[in-house]
Amino acid sequence: MENRRKPASLAATLDINCDCKEYMIDYLERAFPTRQMRIFTDETGAQRSVPMEDEAGNPVYNPEAEAARAQLIENLCALPPIMSALEGILEHFGHDNVAEVTGRTKRLVSTGDGRQKLESRSTRTSQAEAAAFMHPRERRMAIHADLGRAEWATTPETVQRIAAEAGMPLTVVRRAAGDLVDRWIQRFESGKRRYAALETYNLIGPWSSASLRFCQSEMKAAVIGPAVARMHQGEQIISVLGLRRDESHNRASIPIAKADERYAKAGSHRLPGLAGGSRAPLRRGSASPV
């Protein structure tokens with residue numbers, strides 16, 4: 001049985017060179033013109049040239065051409081190795097500025113003093129670099145729509161603490177026309193006026209509910225949407241929401257993705273940021289695992 005710990009002999013080792021310089025050197029050695037040419041005049045009076053030979057019939061070579069070929073091969077051998085596309089990108093922009101998601105476990109990394117070191121990489125390293133590339137920390141932020149008097153007393157402190165623990169800047173926005181209690185009062189007064197004017201035979205309740213979700217649409221989405229669009233003008237914003245399809249028939253029929261132009265119309269110069277939105281019910285999921 002072969003001893004796998006015994007190193008292979010030098011004759012058995014493979015010297016693999018993937019550099020294309022070997023092909024160029026071989027081409028120069030074979031095709032570079034070094035033959036000395038002899039000029040003669042043919043029977044028509046035109047000058048022609050033929051390879052020169054000595055008295056013994058051996059080819060004669062031009063020493064200057066041979067020296068030029070040798071110098072060219074030497075310069076070619078002195079060139080640095082040609083990098084692959086990935087290595088060239090890493091070398092140009094820096095290993096810390098490029099997210100490499102290749103799956104390789106080792107790579108050569110250039111240090112500040114011009115040397116190279118072998119760096120080990122794991123699957124988790126590639127995942128972390130991909131996450132940092134797609135979600136750079138300096139672009140992460142937290143935004144909270146304050147409901148005012150209807151908010152839990154501990155909510156402001158809880159929101160601030162979570163944002164601080166996550167290391168994200170916190171932006172608090174509020175409905176300019178008043179808080180949620182003001183909205184309830186406004187709905188009550190409006191419903192009472194319409195009932196008194198006989199515009200409706202049923203007094204409409206002021207409260208938000210599962211069927212009247214203005215607490216979410218007016219107090220949250222309608223406040224956060226324009227604020228985010230103003231902070232990221234000119235950029236495309238993708239909003240991802242997790243909706244349980246088995247909550248209702250309407251949610252189950254919501255498309256996977258659709259453009260959302262409620263807060264920034266397409267081509268708008270005022271709020272050009274909110275160009276798209278994605279609302280996706282969990283097509284195969286149910287409420288229990290969520």
# chains A, B, ... in the order shown; residues from 1 in each chain; ligands from 1
>>> closest_atom_pairs(of="segment 112-204 of chain A", to="segment 223-233 of chain A", cutoff="7 Å", atoms="only C-alpha atoms", output="Markdown table")
| residue | atom | partner | partner_atom | distance |
| --- | --- | --- | --- | --- |
| A:Ala145 | CA | A:Ile224 | CA | 6.6 |
| A:Val173 | CA | A:Val223 | CA | 6.8 |
| A:Arg174 | CA | A:Val223 | CA | 6.6 |
| A:Arg175 | CA | A:Val223 | CA | 6.0 |
>>> residues_around(residues="Lys192 of chain A", least_positions_apart="4", cutoff="7 Å", atoms="only C-alpha atoms", output="ChimeraX atom specification")
/A:188,196,203
>>> write_last_selection(atoms="all heavy atoms", output="tab-separated table (two decimals), in the first residue's frame")
chain	number	residue	atom	x	y	z
A	188	PHE	N	-64.90	61.22	13.93
A	188	PHE	CA	-66.14	61.29	14.69
A	188	PHE	C	-66.93	62.54	14.32
A	188	PHE	O	-68.14	62.49	14.08
A	188	PHE	CB	-65.83	61.27	16.19
A	188	PHE	CG	-67.05	61.44	17.04
A	188	PHE	CD1	-67.95	60.40	17.21
A	188	PHE	CD2	-67.33	62.67	17.65
A	188	PHE	CE1	-69.09	60.57	17.99
A	188	PHE	CE2	-68.45	62.84	18.42
A	188	PHE	CZ	-69.34	61.79	18.59
A	196	ALA	N	-76.09	64.18	10.88
A	196	ALA	CA	-77.03	65.27	11.17
A	196	ALA	C	-77.60	65.87	9.89
A	196	ALA	O	-78.75	66.33	9.85
A	196	ALA	CB	-76.34	66.35	12.00
A	203	LEU	N	-74.48	56.01	11.62
A	203	LEU	CA	-73.39	56.77	12.21
A	203	LEU	C	-72.11	55.93	12.15
A	203	LEU	O	-72.03	54.84	12.72
A	203	LEU	CB	-73.70	57.14	13.67
A	203	LEU	CG	-72.72	58.08	14.36
A	203	LEU	CD1	-72.66	59.42	13.63
A	203	LEU	CD2	-73.11	58.29	15.82
>>> closest_residue(among="A:Val159, A:Leu147, A:Ala166, A:Leu108", to="Cys215 of chain A", atoms="only C-alpha atoms")
A:Leu147
>>> residues_around(residues="Ile143 of chain A", least_positions_apart="5", cutoff="6 Å", atoms="only C-alpha atoms", output="MDAnalysis selection string")
chainID A and resid 170:172
>>> write_last_selection(atoms="all heavy atoms", output="PDB file, in the first residue's frame")
ATOM      1  N   LEU A 170     -31.642  56.879  14.147  1.00  0.00           N
ATOM      2  CA  LEU A 170     -33.102  56.804  14.263  1.00  0.00           C
ATOM      3  C   LEU A 170     -33.749  58.090  13.797  1.00  0.00           C
ATOM      4  O   LEU A 170     -33.336  59.186  14.179  1.00  0.00           O
ATOM      5  CB  LEU A 170     -33.506  56.518  15.711  1.00  0.00           C
ATOM      6  CG  LEU A 170     -35.002  56.544  16.021  1.00  0.00           C
ATOM      7  CD1 LEU A 170     -35.733  55.467  15.240  1.00  0.00           C
ATOM      8  CD2 LEU A 170     -35.249  56.413  17.517  1.00  0.00           C
ATOM      9  N   THR A 171     -34.752  57.949  12.939  1.00  0.00           N
ATOM     10  CA  THR A 171     -35.559  59.073  12.481  1.00  0.00           C
ATOM     11  C   THR A 171     -36.998  58.831  12.928  1.00  0.00           C
ATOM     12  O   THR A 171     -37.567  57.778  12.642  1.00  0.00           O
ATOM     13  CB  THR A 171     -35.503  59.212  10.955  1.00  0.00           C
ATOM     14  OG1 THR A 171     -34.153  59.426  10.538  1.00  0.00           O
ATOM     15  CG2 THR A 171     -36.358  60.392  10.489  1.00  0.00           C
ATOM     16  N   VAL A 172     -37.567  59.800  13.627  1.00  0.00           N
ATOM     17  CA  VAL A 172     -38.947  59.709  14.093  1.00  0.00           C
ATOM     18  C   VAL A 172     -39.792  60.679  13.281  1.00  0.00           C
ATOM     19  O   VAL A 172     -39.477  61.868  13.203  1.00  0.00           O
ATOM     20  CB  VAL A 172     -39.057  60.030  15.603  1.00  0.00           C
ATOM     21  CG1 VAL A 172     -40.512  59.946  16.059  1.00  0.00           C
ATOM     22  CG2 VAL A 172     -38.193  59.058  16.412  1.00  0.00           C
TER      23      VAL A 172
END
>>> atom_distance(atom1="atom CA of Lys220 of chain A", atom2="atom CA of His144 of chain A")
8.3 Å
>>> select_by_dssp(residues="segment 188-220 of chain A", states="alpha helix (DSSP H)", output="list in words")
Phe188, Glu189, Ser190, Gly191, Lys192, Arg193, Arg194, Tyr195, Ala196, Phe214, Cys215 and Gln216 of chain A
>>> atom_distance(atom1="atom CA of Thr154 of chain A", atom2="atom CA of Gly178 of chain A")
20.2 Å
>>> residues_around(residues="Gly112 of chain A", least_positions_apart="2", cutoff="12 Å", atoms="only C-alpha atoms", output="ChimeraX atom specification")
/A:91,94-95,109-110,114-117
>>> residues_around(residues="Glu29 of chain A", least_positions_apart="6", cutoff="12 Å", atoms="only C-alpha atoms", output="mmCIF file with C-alpha atoms, in the first residue's frame")
data_model
loop_
_atom_site.group_PDB
_atom_site.id
_atom_site.type_symbol
_atom_site.label_atom_id
_atom_site.label_comp_id
_atom_site.auth_asym_id
_atom_site.auth_seq_id
_atom_site.Cartn_x
_atom_site.Cartn_y
_atom_site.Cartn_z
ATOM 1 C CA GLU A 22 5.020 30.675 -22.477
ATOM 2 C CA TYR A 23 3.121 30.762 -25.744
ATOM 3 C CA ALA A 65 18.407 40.158 -34.861
ATOM 4 C CA GLU A 66 19.307 37.338 -32.478
ATOM 5 C CA ALA A 67 20.275 39.869 -29.786
ATOM 6 C CA ALA A 68 17.004 41.760 -30.305
ATOM 7 C CA ARG A 69 15.030 38.508 -29.947
ATOM 8 C CA ALA A 70 16.887 37.554 -26.785
ATOM 9 C CA GLN A 71 16.278 40.992 -25.272
ATOM 10 C CA LEU A 72 12.580 40.862 -26.142
ATOM 11 C CA ILE A 73 12.219 37.424 -24.515
ATOM 12 C CA GLU A 74 14.054 38.657 -21.426
#
>>> atom_distance(atom1="atom CA of Thr111 of chain A", atom2="atom CA of Leu79 of chain A")
20.5 Å
>>> residues_around(residues="Asp179 of chain A", least_positions_apart="6", cutoff="9 Å", atoms="only C-alpha atoms", output="list in words")
Asp146, Leu147, Gly148, Arg149, Ala150 and Met219 of chain A
>>> write_last_selection(atoms="C-alpha atoms", output="short mmCIF file (atom, residue, chain, number, x, y, z; two decimals), in the first residue's frame")
data_model
loop_
_atom_site.label_atom_id
_atom_site.label_comp_id
_atom_site.auth_asym_id
_atom_site.auth_seq_id
_atom_site.Cartn_x
_atom_site.Cartn_y
_atom_site.Cartn_z
CA ASP A 146 -45.03 58.02 16.20
CA LEU A 147 -48.78 57.67 16.83
CA GLY A 148 -48.75 60.34 19.51
CA ARG A 149 -51.19 59.96 22.44
CA ALA A 150 -52.32 56.53 21.21
CA MET A 219 -50.38 57.18 10.27
#
>>> residues_around(residues="Val98 of chain A", least_positions_apart="3", cutoff="12 Å", atoms="only C-alpha atoms", output="list in words")
Leu86, Glu87, Gly88, Ile89, Leu90, Glu91, His92, Phe93, Gly94, His95, Val101, Thr102, Ser126, Ala128, Glu129, Ala130, Ala131, Ala132, Phe133, Met134 and Pro136 of chain A
>>> write_last_selection(atoms="C-alpha atoms", output="short mmCIF file (atom, residue, chain, number, x, y, z; two decimals), in the first residue's frame")
data_model
loop_
_atom_site.label_atom_id
_atom_site.label_comp_id
_atom_site.auth_asym_id
_atom_site.auth_seq_id
_atom_site.Cartn_x
_atom_site.Cartn_y
_atom_site.Cartn_z
CA LEU A 86 -11.27 38.65 -10.17
CA GLU A 87 -7.72 39.11 -8.87
CA GLY A 88 -7.35 42.28 -10.93
CA ILE A 89 -10.53 43.75 -9.41
CA LEU A 90 -9.42 42.83 -5.89
CA GLU A 91 -5.95 44.29 -6.46
CA HIS A 92 -7.28 47.53 -7.95
CA PHE A 93 -10.09 48.33 -5.52
CA GLY A 94 -8.69 46.57 -2.45
CA HIS A 95 -9.75 43.33 -0.80
CA VAL A 101 -18.77 35.42 -3.34
CA THR A 102 -16.87 32.63 -5.10
CA SER A 126 -18.60 34.89 1.67
CA ALA A 128 -20.87 38.12 5.42
CA GLU A 129 -19.19 39.94 2.53
CA ALA A 130 -22.28 39.59 0.36
CA ALA A 131 -24.46 40.97 3.15
CA ALA A 132 -22.09 43.90 3.69
CA PHE A 133 -22.08 44.63 -0.05
CA MET A 134 -25.85 44.52 -0.46
CA PRO A 136 -23.68 48.46 3.76
#
>>> closest_residue(among="A:Lys21, A:Arg124, A:Lys106, A:Lys258", to="Ser239 of chain A", atoms="only C-alpha atoms")
A:Lys258
